[in-house]
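**Q** mmCIF, C-alpha atoms, saved as final31.cif, coming up:
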data_target
#
loop_
_atom_site.label_atom_id
_atom_site.label_comp_id
_atom_site.auth_asym_id
_atom_site.auth_seq_id
_atom_site.Cartn_x
_atom_site.Cartn_y
_atom_site.Cartn_z
CA MET A 1 -39.95 -49.86 58.14
CA GLN A 2 -37.24 -47.88 56.34
CA ILE A 3 -33.95 -49.39 55.23
CA ILE A 4 -30.95 -47.18 56.03
CA ASP A 5 -28.98 -47.08 52.80
CA GLY A 6 -25.35 -46.75 53.85
CA LYS A 7 -24.08 -46.99 50.28
CA LYS A 8 -26.23 -44.05 49.16
CA ILE A 9 -25.12 -41.88 52.09
CA ALA A 10 -21.47 -42.90 51.64
CA ASP A 11 -21.64 -41.92 47.94
CA GLU A 12 -23.08 -38.52 48.91
CA ILE A 13 -20.28 -37.93 51.43
CA LYS A 14 -17.65 -39.11 48.95
CA ALA A 15 -18.95 -36.53 46.44
CA GLU A 16 -18.76 -33.83 49.13
CA ILE A 17 -15.17 -34.83 49.93
CA LYS A 18 -14.24 -34.82 46.24
CA GLU A 19 -15.57 -31.26 45.91
CA GLU A 20 -13.48 -30.18 48.88
CA VAL A 21 -10.38 -31.84 47.41
CA SER A 22 -11.01 -29.99 44.12
CA ARG A 23 -11.11 -26.70 46.02
CA MET A 24 -7.81 -27.59 47.72
CA LEU A 25 -6.18 -28.31 44.34
CA GLU A 26 -7.51 -25.03 42.90
CA LYS A 27 -5.73 -23.22 45.75
CA GLY A 28 -2.48 -24.94 44.81
CA GLN A 29 -2.60 -27.41 47.71
CA ARG A 30 -1.90 -31.09 47.18
CA ALA A 31 -4.48 -33.86 47.45
CA PRO A 32 -4.81 -35.71 50.80
CA HIS A 33 -2.61 -38.81 50.97
CA LEU A 34 -3.66 -41.96 52.84
CA ALA A 35 -1.31 -44.92 53.35
CA ALA A 36 -2.24 -48.42 54.48
CA ILE A 37 -0.01 -51.19 55.83
CA LEU A 38 -1.33 -54.68 55.08
CA VAL A 39 0.30 -57.73 56.65
CA GLY A 40 -0.41 -61.16 55.19
CA HIS A 41 -3.29 -62.23 52.96
CA ASP A 42 -6.41 -62.37 55.16
CA GLY A 43 -9.40 -62.37 52.79
CA GLY A 44 -11.45 -59.84 54.73
CA SER A 45 -8.51 -57.48 55.15
CA GLU A 46 -7.58 -57.76 51.46
CA THR A 47 -11.13 -56.82 50.43
CA TYR A 48 -11.35 -53.98 52.91
CA VAL A 49 -8.01 -52.44 51.92
CA ALA A 50 -8.84 -52.78 48.20
CA ASN A 51 -12.08 -50.89 48.83
CA LYS A 52 -10.15 -48.19 50.70
CA VAL A 53 -7.75 -47.74 47.76
CA LYS A 54 -10.67 -47.56 45.30
CA SER A 55 -12.50 -45.02 47.48
CA CYS A 56 -9.35 -42.88 47.69
CA GLU A 57 -9.22 -42.73 43.90
CA GLN A 58 -12.92 -41.83 43.69
CA ALA A 59 -12.46 -38.98 46.18
CA GLY A 60 -9.36 -37.62 44.44
CA PHE A 61 -6.95 -38.74 47.18
CA GLN A 62 -3.48 -40.16 46.77
CA SER A 63 -3.11 -43.62 48.29
CA THR A 64 -0.18 -45.88 49.08
CA LEU A 65 -0.44 -49.58 49.93
CA ILE A 66 2.49 -51.11 51.82
CA ARG A 67 2.52 -54.91 51.96
CA TYR A 68 4.31 -57.33 54.27
CA GLU A 69 4.20 -61.11 54.54
CA ASP A 70 2.96 -62.85 57.72
CA ASP A 71 6.50 -63.41 58.94
CA VAL A 72 7.33 -59.69 59.25
CA THR A 73 8.77 -58.86 62.66
CA GLY A 74 7.27 -56.38 65.06
CA GLU A 75 10.49 -54.36 64.86
CA GLU A 76 10.24 -54.05 61.05
CA LEU A 77 6.67 -52.84 61.35
CA LEU A 78 7.61 -50.31 64.02
CA GLN A 79 10.38 -48.97 61.79
CA ARG A 80 7.90 -48.46 58.93
CA VAL A 81 5.41 -46.77 61.29
CA HIS A 82 8.13 -44.33 62.41
CA GLN A 83 9.00 -43.63 58.75
CA LEU A 84 5.37 -42.80 57.95
CA ASN A 85 5.10 -40.63 61.07
CA ASN A 86 7.98 -38.55 59.72
CA ASP A 87 6.91 -38.51 56.06
CA ALA A 88 5.43 -35.07 55.39
CA SER A 89 3.79 -36.30 52.17
CA ILE A 90 1.57 -38.76 54.12
CA ASP A 91 -1.38 -37.11 55.92
CA GLY A 92 -2.72 -40.20 57.61
CA PHE A 93 -2.14 -43.93 57.66
CA ILE A 94 -3.59 -47.13 59.02
CA VAL A 95 -2.19 -50.50 59.98
CA GLN A 96 -4.85 -53.02 58.96
CA LEU A 97 -5.93 -55.28 61.81
CA PRO A 98 -5.77 -58.07 62.80
CA LEU A 99 -2.01 -58.56 62.78
CA PRO A 100 -0.27 -61.96 63.12
CA LYS A 101 -0.23 -63.27 66.69
CA HIS A 102 3.52 -62.78 67.14
CA ILE A 103 3.11 -58.99 66.78
CA ASP A 104 1.93 -56.81 69.68
CA GLU A 105 -0.99 -54.91 68.10
CA GLN A 106 -1.26 -52.38 70.91
CA LYS A 107 2.43 -51.53 70.65
CA ILE A 108 2.00 -50.82 66.93
CA ILE A 109 -1.14 -48.71 67.51
CA GLU A 110 0.59 -46.63 70.17
CA ALA A 111 3.60 -46.03 67.87
CA ILE A 112 1.40 -44.24 65.31
CA SER A 113 1.45 -40.45 65.65
CA PRO A 114 -1.95 -39.33 67.01
CA ASP A 115 -1.95 -36.61 64.32
CA LYS A 116 -1.83 -39.29 61.59
CA ASP A 117 -3.97 -41.89 63.38
CA VAL A 118 -6.93 -41.71 60.99
CA ASP A 119 -8.25 -45.05 62.34
CA GLY A 120 -8.76 -43.27 65.68
CA PHE A 121 -7.27 -46.14 67.72
CA HIS A 122 -4.43 -44.31 69.50
CA PRO A 123 -5.09 -43.81 73.24
CA ALA A 124 -4.69 -40.03 72.76
CA ASN A 125 -7.56 -39.94 70.25
CA VAL A 126 -9.70 -42.37 72.26
CA GLY A 127 -9.21 -40.27 75.40
CA ARG A 128 -10.06 -37.02 73.62
CA MET A 129 -13.19 -38.60 72.15
CA ALA A 130 -14.26 -39.78 75.62
CA ILE A 131 -14.34 -36.21 76.94
CA GLY A 132 -15.69 -34.61 73.77
CA LEU A 133 -12.52 -32.91 72.46
CA PRO A 134 -11.63 -32.66 68.74
CA CYS A 135 -10.00 -35.90 67.61
CA PHE A 136 -10.04 -38.65 65.03
CA VAL A 137 -13.03 -40.85 65.87
CA SER A 138 -12.64 -44.47 64.80
CA ALA A 139 -14.28 -45.00 61.44
CA THR A 140 -17.13 -47.43 62.19
CA PRO A 141 -18.56 -45.53 65.20
CA ALA A 142 -18.21 -42.26 63.25
CA GLY A 143 -20.07 -43.85 60.34
CA ILE A 144 -22.89 -45.02 62.61
CA ILE A 145 -23.34 -41.54 64.09
CA GLU A 146 -23.38 -40.01 60.59
CA LEU A 147 -26.08 -42.45 59.43
CA LEU A 148 -28.26 -41.49 62.41
CA ARG A 149 -27.63 -37.80 61.64
CA ARG A 150 -28.42 -37.99 57.94
CA TYR A 151 -31.59 -40.01 58.50
CA ARG A 152 -32.58 -37.55 61.27
CA ILE A 153 -33.21 -40.36 63.73
CA ASP A 154 -34.04 -38.94 67.14
CA THR A 155 -31.65 -40.23 69.81
CA ARG A 156 -32.25 -37.70 72.59
CA GLY A 157 -33.44 -39.43 75.76
CA LYS A 158 -33.77 -42.75 73.94
CA HIS A 159 -32.57 -46.05 75.39
CA CYS A 160 -29.70 -47.30 73.23
CA VAL A 161 -28.46 -50.85 73.75
CA VAL A 162 -25.00 -51.61 72.35
CA LEU A 163 -24.25 -55.29 71.84
CA GLY A 164 -20.49 -55.74 72.10
CA ARG A 165 -17.67 -54.02 73.98
CA SER A 166 -14.77 -54.02 71.51
CA ASN A 167 -12.31 -51.14 71.46
CA ILE A 168 -13.05 -50.64 67.77
CA VAL A 169 -16.87 -50.35 67.87
CA GLY A 170 -18.72 -51.19 71.09
CA LYS A 171 -16.91 -48.95 73.57
CA PRO A 172 -16.48 -45.87 71.36
CA VAL A 173 -20.00 -45.90 69.94
CA SER A 174 -21.46 -46.22 73.46
CA LEU A 175 -19.51 -43.09 74.48
CA LEU A 176 -20.61 -41.17 71.38
CA MET A 177 -24.27 -42.08 71.91
CA ALA A 178 -24.10 -40.87 75.53
CA GLN A 179 -22.42 -37.55 74.75
CA LYS A 180 -24.31 -34.26 74.93
CA ALA A 181 -24.60 -33.93 71.17
CA THR A 182 -26.86 -34.59 68.21
CA PRO A 183 -26.95 -37.53 67.58
CA GLY A 184 -26.33 -38.45 71.20
CA ASP A 185 -27.99 -37.65 74.53
CA ALA A 186 -29.10 -41.29 74.73
CA THR A 187 -29.21 -43.50 77.81
CA VAL A 188 -26.79 -46.27 76.92
CA THR A 189 -26.62 -49.89 78.08
CA ILE A 190 -23.71 -52.10 76.98
CA CYS A 191 -24.34 -55.84 76.70
CA HIS A 192 -21.66 -58.48 76.11
CA SER A 193 -20.93 -62.19 76.40
CA ARG A 194 -21.27 -62.13 80.21
CA THR A 195 -24.53 -60.18 80.30
CA ALA A 196 -27.41 -62.13 81.85
CA ASN A 197 -30.87 -62.01 80.26
CA ILE A 198 -29.79 -60.02 77.19
CA ALA A 199 -33.20 -60.40 75.53
CA ASP A 200 -34.89 -58.69 78.51
CA ILE A 201 -32.60 -55.70 77.98
CA THR A 202 -32.81 -55.52 74.17
CA ARG A 203 -36.63 -55.59 74.35
CA GLN A 204 -36.47 -52.29 76.25
CA ALA A 205 -34.28 -50.63 73.61
CA ASP A 206 -35.37 -47.81 71.31
CA ILE A 207 -32.08 -48.17 69.41
CA ILE A 208 -29.93 -51.30 69.12
CA ILE A 209 -26.37 -51.21 67.79
CA ALA A 210 -25.32 -54.82 67.20
CA ALA A 211 -21.54 -55.29 67.13
CA LEU A 212 -20.95 -58.77 68.55
CA GLY A 213 -19.63 -60.58 65.49
CA GLN A 214 -22.16 -63.38 65.97
CA PRO A 215 -24.22 -64.01 62.82
CA GLU A 216 -27.97 -63.51 63.22
CA PHE A 217 -27.70 -63.20 67.01
CA LEU A 218 -30.52 -60.64 67.32
CA THR A 219 -33.90 -62.21 66.55
CA ALA A 220 -37.47 -60.88 66.36
CA ASP A 221 -38.39 -61.99 69.89
CA MET A 222 -35.55 -59.81 71.27
CA VAL A 223 -36.84 -56.46 69.98
CA LYS A 224 -39.87 -54.26 70.44
CA GLU A 225 -42.01 -52.70 67.71
CA GLY A 226 -40.54 -49.54 66.20
CA VAL A 227 -36.94 -50.19 67.23
CA VAL A 228 -34.04 -48.63 65.28
CA VAL A 229 -31.48 -51.33 64.44
CA ILE A 230 -27.89 -50.67 63.37
CA ASP A 231 -26.18 -53.93 62.35
CA VAL A 232 -22.38 -53.72 62.45
CA GLY A 233 -21.76 -57.46 61.98
CA THR A 234 -19.90 -58.71 58.89
CA THR A 235 -19.20 -62.42 59.31
CA ARG A 236 -18.40 -64.61 56.33
CA VAL A 237 -20.53 -67.75 56.39
CA PRO A 238 -20.42 -70.67 53.91
CA SER A 239 -22.98 -70.41 51.12
CA ALA A 240 -23.80 -72.61 48.15
CA GLU A 241 -25.67 -69.68 46.56
CA THR A 242 -22.60 -67.60 45.71
CA LYS A 243 -19.61 -68.07 43.40
CA SER A 244 -17.22 -67.26 46.23
CA GLY A 245 -18.70 -70.01 48.42
CA TRP A 246 -19.51 -67.54 51.22
CA LYS A 247 -21.70 -64.56 51.95
CA LEU A 248 -21.75 -61.82 54.57
CA LYS A 249 -24.12 -62.12 57.51
CA GLY A 250 -24.86 -59.44 60.03
CA ASP A 251 -25.48 -59.82 63.76
CA VAL A 252 -29.20 -59.34 63.12
CA LYS A 253 -31.63 -61.88 61.66
CA PHE A 254 -32.77 -59.32 59.10
CA ASP A 255 -35.87 -61.05 57.68
CA GLU A 256 -37.30 -61.48 61.19
CA VAL A 257 -36.28 -58.18 62.76
CA ALA A 258 -36.88 -55.79 59.83
CA PRO A 259 -40.72 -55.97 59.96
CA LYS A 260 -40.66 -54.82 63.60
CA SER A 261 -38.16 -52.01 62.98
CA SER A 262 -38.76 -48.35 62.18
CA TYR A 263 -35.26 -48.15 60.66
CA ILE A 264 -32.72 -50.89 59.98
CA THR A 265 -29.35 -51.23 58.24
CA PRO A 266 -28.83 -54.15 55.84
CA VAL A 267 -25.68 -56.28 55.55
CA PRO A 268 -24.01 -55.61 53.20
CA GLY A 269 -24.76 -52.01 52.24
CA GLY A 270 -25.38 -50.49 55.66
CA VAL A 271 -22.59 -49.59 58.05
CA GLY A 272 -19.76 -51.03 55.89
CA PRO A 273 -19.63 -48.27 53.23
CA MET A 274 -19.77 -45.64 55.99
CA THR A 275 -16.68 -47.06 57.66
CA ILE A 276 -14.53 -46.40 54.60
CA VAL A 277 -15.95 -42.93 53.96
CA SER A 278 -15.34 -41.99 57.60
CA LEU A 279 -11.69 -42.94 57.13
CA LEU A 280 -11.55 -40.59 54.13
CA ARG A 281 -13.08 -37.82 56.22
CA ASN A 282 -10.45 -38.30 58.91
CA THR A 283 -7.71 -38.18 56.27
CA LEU A 284 -9.15 -34.97 54.84
CA GLN A 285 -9.12 -33.50 58.35
CA ALA A 286 -5.51 -34.57 58.76
CA ALA A 287 -4.57 -32.98 55.43
CA LYS A 288 -6.20 -29.72 56.47
CA THR A 289 -4.51 -30.01 59.91
CA THR A 290 -7.87 -29.27 61.52
CA VAL A 291 -7.27 -31.94 64.14
CA LYS A 292 -4.28 -31.80 66.47
CA SER A 293 -3.60 -33.92 69.52
#
Would you mind giving the structure from this file in structure tokens?
**A**
Amino acid sequence: MQIIDGKKIADEIKAEIKEEVSRMLEKGQRAPHLAAILVGHDGGSETYVANKVKSCEQAGFQSTLIRYEDDVTGEELLQRVHQLNNDASIDGFIVQLPLPKHIDEQKIIEAISPDKDVDGFHPANVGRMAIGLPCFVSATPAGIIELLRRYRIDTRGKHCVVLGRSNIVGKPVSLLMAQKATPGDATVTICHSRTANIADITRQADIIIAALGQPEFLTADMVKEGVVVIDVGTTRVPSAETKSGWKLKGDVKFDEVAPKSSYITPVPGGVGPMTIVSLLRNTLQAAKTTVKS
């Protein structure tokens, strides 16, 4: 069993990005600039955005954080999105999800220029990804594919079971795993809350990508020997062992499943760091105008 060290790989990629930014500066170009809009004070979102800002600094990027309270109107947010679309000094930007319930998330996502949509959520980028055209791929699926690539995990002809069908992870990663590419070329099954006999399906899997958001859902009796397990789950659960009073749990019961796995990602330290570094990669692409919708 080998643990897939997402932090180590993310640090390597960050160093590669920093070198590229240095070369840009030597040529008289400016550093890539990533902006983030954060609405409210959700704990998970606060942590995630803070990590993005820190990673920008480490990679030599400029970063801008724009804050709004929970009572911001959808119209105000749309106005700011349009401003960022037209700001030539901003290469890419994200609107941190989830948004308050009174705001139409999809309307906000679709207002972002596809050329600055470094989260890869705009329908134009999702559609281009689906048919294998250059685009911004959403950060978590891109990070998963990069982990498989860097650990040289064979996916060709393998049975990949994706647990979850969200627009952010489940759907896009299933498309990427099925594409004629490396990694890719897998036979993909998507399981979700309405799937009958999930354990019968997961036991057939060579690769499992767990993105349900249900702590410790995948147990040892649901996997076969030698399976590759990518755990995308990051649910905060109460814990008396930590100062914060909570700790992160993945969708996989790690202690049970790890001994049966050939490769497995831990939580934290697996997919999470790759998500942020993939966002930096997309922003670098945007700065170099190598991706156009």
**Q** Excluding stretch 202-205 of chain A and any residue of its chain fewer than 4 positions from it, enumerate the residues within 9 Å of it, using only C-alpha atoms, and give them as a list in words.
**A** Lys158, His159, Cys160, Val161, Val162, Leu163, Thr189, Cys191, Ile198, Leu218, Asp221, Met222, Val223, Lys224, Val227 and Val228 of chain A
**Q** Restricting the calculation to only C-alpha atoms, which member of A:Glu110, A:Glu12, A:Asp119, A:Asp5 is positioned closest to A:Leu279?
**A**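 With only C-alpha atoms as the atom set, the closest residue is A:Asp119.
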**Q** Which residue gives the smallest distance to A:Asp70 among A:Asp185, A:Asp42, A:Glu26, A:Glu19, with only C-alpha atoms counted?
**A**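 For A:Asp70, the nearest of the candidates is A:Asp42.
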**Q** Find the residues near A:Ala178: any atom within 8 Å, counting all atoms listed in the file, skip ones fewer than 4 places away on the same chain, and give them as a list in words.
**A**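 The residues that qualify are Ser174, Gly184, Asp185, Ala186, Thr187 and Val188 of chain A.
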**Q** Can you list, as a list of chain:residue names, every protein, DNA or RNA residue that comes within 12 Å of A:Arg80 when you count all atoms listed in the file, leaving out same-chain residues fewer than 2 positions away?
**A**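 So the residues in contact are A:Ala35, A:Ala36, A:Ile37, A:Leu38, A:Ile66, A:Arg67, A:Tyr68, A:Val72, A:Thr73, A:Gly74, A:Glu75, A:Glu76, A:Leu77, A:Leu78, A:His82, A:Gln83, A:Leu84, A:Asn85, A:Asn86, A:Asp87, A:Phe93, A:Ile94, A:Val95, A:Ile108, A:Ala111, A:Ile112.
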**Q** What is the distance, in Å and to one decimal place, between atom CA of A:Ile190 and atom CA of A:Arg156?
**A**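 Computed distance, atom CA of A:Ile190 to atom CA of A:Arg156, equals 17.3 Å.
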**Q** Rebuild stretch 161-189 of chain A so that it carries N, CA and C atoms, then output the result as a PDB file, in the coordinates of the input.
**A**
ATOM      1  N   VAL A 161     -29.166 -49.654  73.294  1.00  0.00           N
ATOM      2  CA  VAL A 161     -28.460 -50.850  73.750  1.00  0.00           C
ATOM      3  C   VAL A 161     -27.377 -51.193  72.733  1.00  0.00           C
ATOM      4  N   VAL A 162     -26.139 -51.240  73.196  1.00  0.00           N
ATOM      5  CA  VAL A 162     -25.000 -51.610  72.350  1.00  0.00           C
ATOM      6  C   VAL A 162     -24.629 -53.044  72.677  1.00  0.00           C
ATOM      7  N   LEU A 163     -24.648 -53.897  71.664  1.00  0.00           N
ATOM      8  CA  LEU A 163     -24.250 -55.290  71.840  1.00  0.00           C
ATOM      9  C   LEU A 163     -22.795 -55.431  71.421  1.00  0.00           C
ATOM     10  N   GLY A 164     -21.923 -55.630  72.382  1.00  0.00           N
ATOM     11  CA  GLY A 164     -20.490 -55.740  72.100  1.00  0.00           C
ATOM     12  C   GLY A 164     -19.712 -54.647  72.806  1.00  0.00           C
ATOM     13  N   ARG A 165     -18.487 -54.975  73.222  1.00  0.00           N
ATOM     14  CA  ARG A 165     -17.670 -54.020  73.980  1.00  0.00           C
ATOM     15  C   ARG A 165     -16.247 -53.929  73.434  1.00  0.00           C
ATOM     16  N   SER A 166     -16.109 -54.097  72.113  1.00  0.00           N
ATOM     17  CA  SER A 166     -14.770 -54.020  71.510  1.00  0.00           C
ATOM     18  C   SER A 166     -14.258 -52.587  71.555  1.00  0.00           C
ATOM     19  N   ASN A 167     -12.927 -52.468  71.502  1.00  0.00           N
ATOM     20  CA  ASN A 167     -12.310 -51.140  71.460  1.00  0.00           C
ATOM     21  C   ASN A 167     -12.557 -50.435  70.139  1.00  0.00           C
ATOM     22  N   ILE A 168     -12.878 -51.213  69.105  1.00  0.00           N
ATOM     23  CA  ILE A 168     -13.050 -50.640  67.770  1.00  0.00           C
ATOM     24  C   ILE A 168     -14.468 -50.115  67.548  1.00  0.00           C
ATOM     25  N   VAL A 169     -15.485 -50.783  68.101  1.00  0.00           N
ATOM     26  CA  VAL A 169     -16.870 -50.350  67.870  1.00  0.00           C
ATOM     27  C   VAL A 169     -17.649 -50.162  69.170  1.00  0.00           C
ATOM     28  N   GLY A 170     -17.815 -51.214  69.947  1.00  0.00           N
ATOM     29  CA  GLY A 170     -18.720 -51.190  71.090  1.00  0.00           C
ATOM     30  C   GLY A 170     -18.460 -50.061  72.078  1.00  0.00           C
ATOM     31  N   LYS A 171     -17.225 -49.980  72.580  1.00  0.00           N
ATOM     32  CA  LYS A 171     -16.910 -48.950  73.570  1.00  0.00           C
ATOM     33  C   LYS A 171     -17.034 -47.538  73.000  1.00  0.00           C
ATOM     34  N   PRO A 172     -16.369 -47.250  71.854  1.00  0.00           N
ATOM     35  CA  PRO A 172     -16.480 -45.870  71.360  1.00  0.00           C
ATOM     36  C   PRO A 172     -17.886 -45.446  70.975  1.00  0.00           C
ATOM     37  N   VAL A 173     -18.656 -46.333  70.349  1.00  0.00           N
ATOM     38  CA  VAL A 173     -20.000 -45.900  69.940  1.00  0.00           C
ATOM     39  C   VAL A 173     -20.899 -45.677  71.154  1.00  0.00           C
ATOM     40  N   SER A 174     -20.670 -46.435  72.237  1.00  0.00           N
ATOM     41  CA  SER A 174     -21.460 -46.220  73.460  1.00  0.00           C
ATOM     42  C   SER A 174     -21.158 -44.839  74.048  1.00  0.00           C
ATOM     43  N   LEU A 175     -19.890 -44.421  74.002  1.00  0.00           N
ATOM     44  CA  LEU A 175     -19.510 -43.090  74.480  1.00  0.00           C
ATOM     45  C   LEU A 175     -20.113 -41.987  73.609  1.00  0.00           C
ATOM     46  N   LEU A 176     -20.062 -42.181  72.294  1.00  0.00           N
ATOM     47  CA  LEU A 176     -20.610 -41.170  71.380  1.00  0.00           C
ATOM     48  C   LEU A 176     -22.113 -41.030  71.550  1.00  0.00           C
ATOM     49  N   MET A 177     -22.813 -42.137  71.748  1.00  0.00           N
ATOM     50  CA  MET A 177     -24.270 -42.080  71.910  1.00  0.00           C
ATOM     51  C   MET A 177     -24.679 -41.415  73.219  1.00  0.00           C
ATOM     52  N   ALA A 178     -23.792 -41.467  74.220  1.00  0.00           N
ATOM     53  CA  ALA A 178     -24.100 -40.870  75.530  1.00  0.00           C
ATOM     54  C   ALA A 178     -23.729 -39.401  75.614  1.00  0.00           C
ATOM     55  N   GLN A 179     -22.893 -38.929  74.675  1.00  0.00           N
ATOM     56  CA  GLN A 179     -22.420 -37.550  74.750  1.00  0.00           C
ATOM     57  C   GLN A 179     -23.537 -36.541  74.532  1.00  0.00           C
ATOM     58  N   LYS A 180     -23.331 -35.342  75.095  1.00  0.00           N
ATOM     59  CA  LYS A 180     -24.310 -34.260  74.930  1.00  0.00           C
ATOM     60  C   LYS A 180     -24.125 -33.681  73.539  1.00  0.00           C
ATOM     61  N   ALA A 181     -24.772 -34.304  72.570  1.00  0.00           N
ATOM     62  CA  ALA A 181     -24.600 -33.930  71.170  1.00  0.00           C
ATOM     63  C   ALA A 181     -25.790 -34.448  70.377  1.00  0.00           C
ATOM     64  N   THR A 182     -25.821 -34.079  69.096  1.00  0.00           N
ATOM     65  CA  THR A 182     -26.860 -34.590  68.210  1.00  0.00           C
ATOM     66  C   THR A 182     -26.175 -35.198  66.987  1.00  0.00           C
ATOM     67  N   PRO A 183     -26.315 -36.512  66.730  1.00  0.00           N
ATOM     68  CA  PRO A 183     -26.950 -37.530  67.580  1.00  0.00           C
ATOM     69  C   PRO A 183     -26.175 -37.738  68.888  1.00  0.00           C
ATOM     70  N   GLY A 184     -26.883 -38.218  69.874  1.00  0.00           N
ATOM     71  CA  GLY A 184     -26.330 -38.450  71.200  1.00  0.00           C
ATOM     72  C   GLY A 184     -27.420 -38.256  72.224  1.00  0.00           C
ATOM     73  N   ASP A 185     -27.031 -37.889  73.440  1.00  0.00           N
ATOM     74  CA  ASP A 185     -27.990 -37.650  74.530  1.00  0.00           C
ATOM     75  C   ASP A 185     -28.860 -38.876  74.824  1.00  0.00           C
ATOM     76  N   ALA A 186     -28.344 -40.056  74.460  1.00  0.00           N
ATOM     77  CA  ALA A 186     -29.100 -41.290  74.730  1.00  0.00           C
ATOM     78  C   ALA A 186     -28.691 -41.862  76.087  1.00  0.00           C
ATOM     79  N   THR A 187     -29.558 -42.695  76.638  1.00  0.00           N
ATOM     80  CA  THR A 187     -29.210 -43.500  77.810  1.00  0.00           C
ATOM     81  C   THR A 187     -28.707 -44.830  77.283  1.00  0.00           C
ATOM     82  N   VAL A 188     -27.456 -45.146  77.589  1.00  0.00           N
ATOM     83  CA  VAL A 188     -26.790 -46.270  76.920  1.00  0.00           C
ATOM     84  C   VAL A 188     -26.572 -47.454  77.866  1.00  0.00           C
ATOM     85  N   THR A 189     -26.921 -48.636  77.396  1.00  0.00           N
ATOM     86  CA  THR A 189     -26.620 -49.890  78.080  1.00  0.00           C
ATOM     87  C   THR A 189     -25.706 -50.720  77.180  1.00  0.00           C
TER      88      THR A 189
END
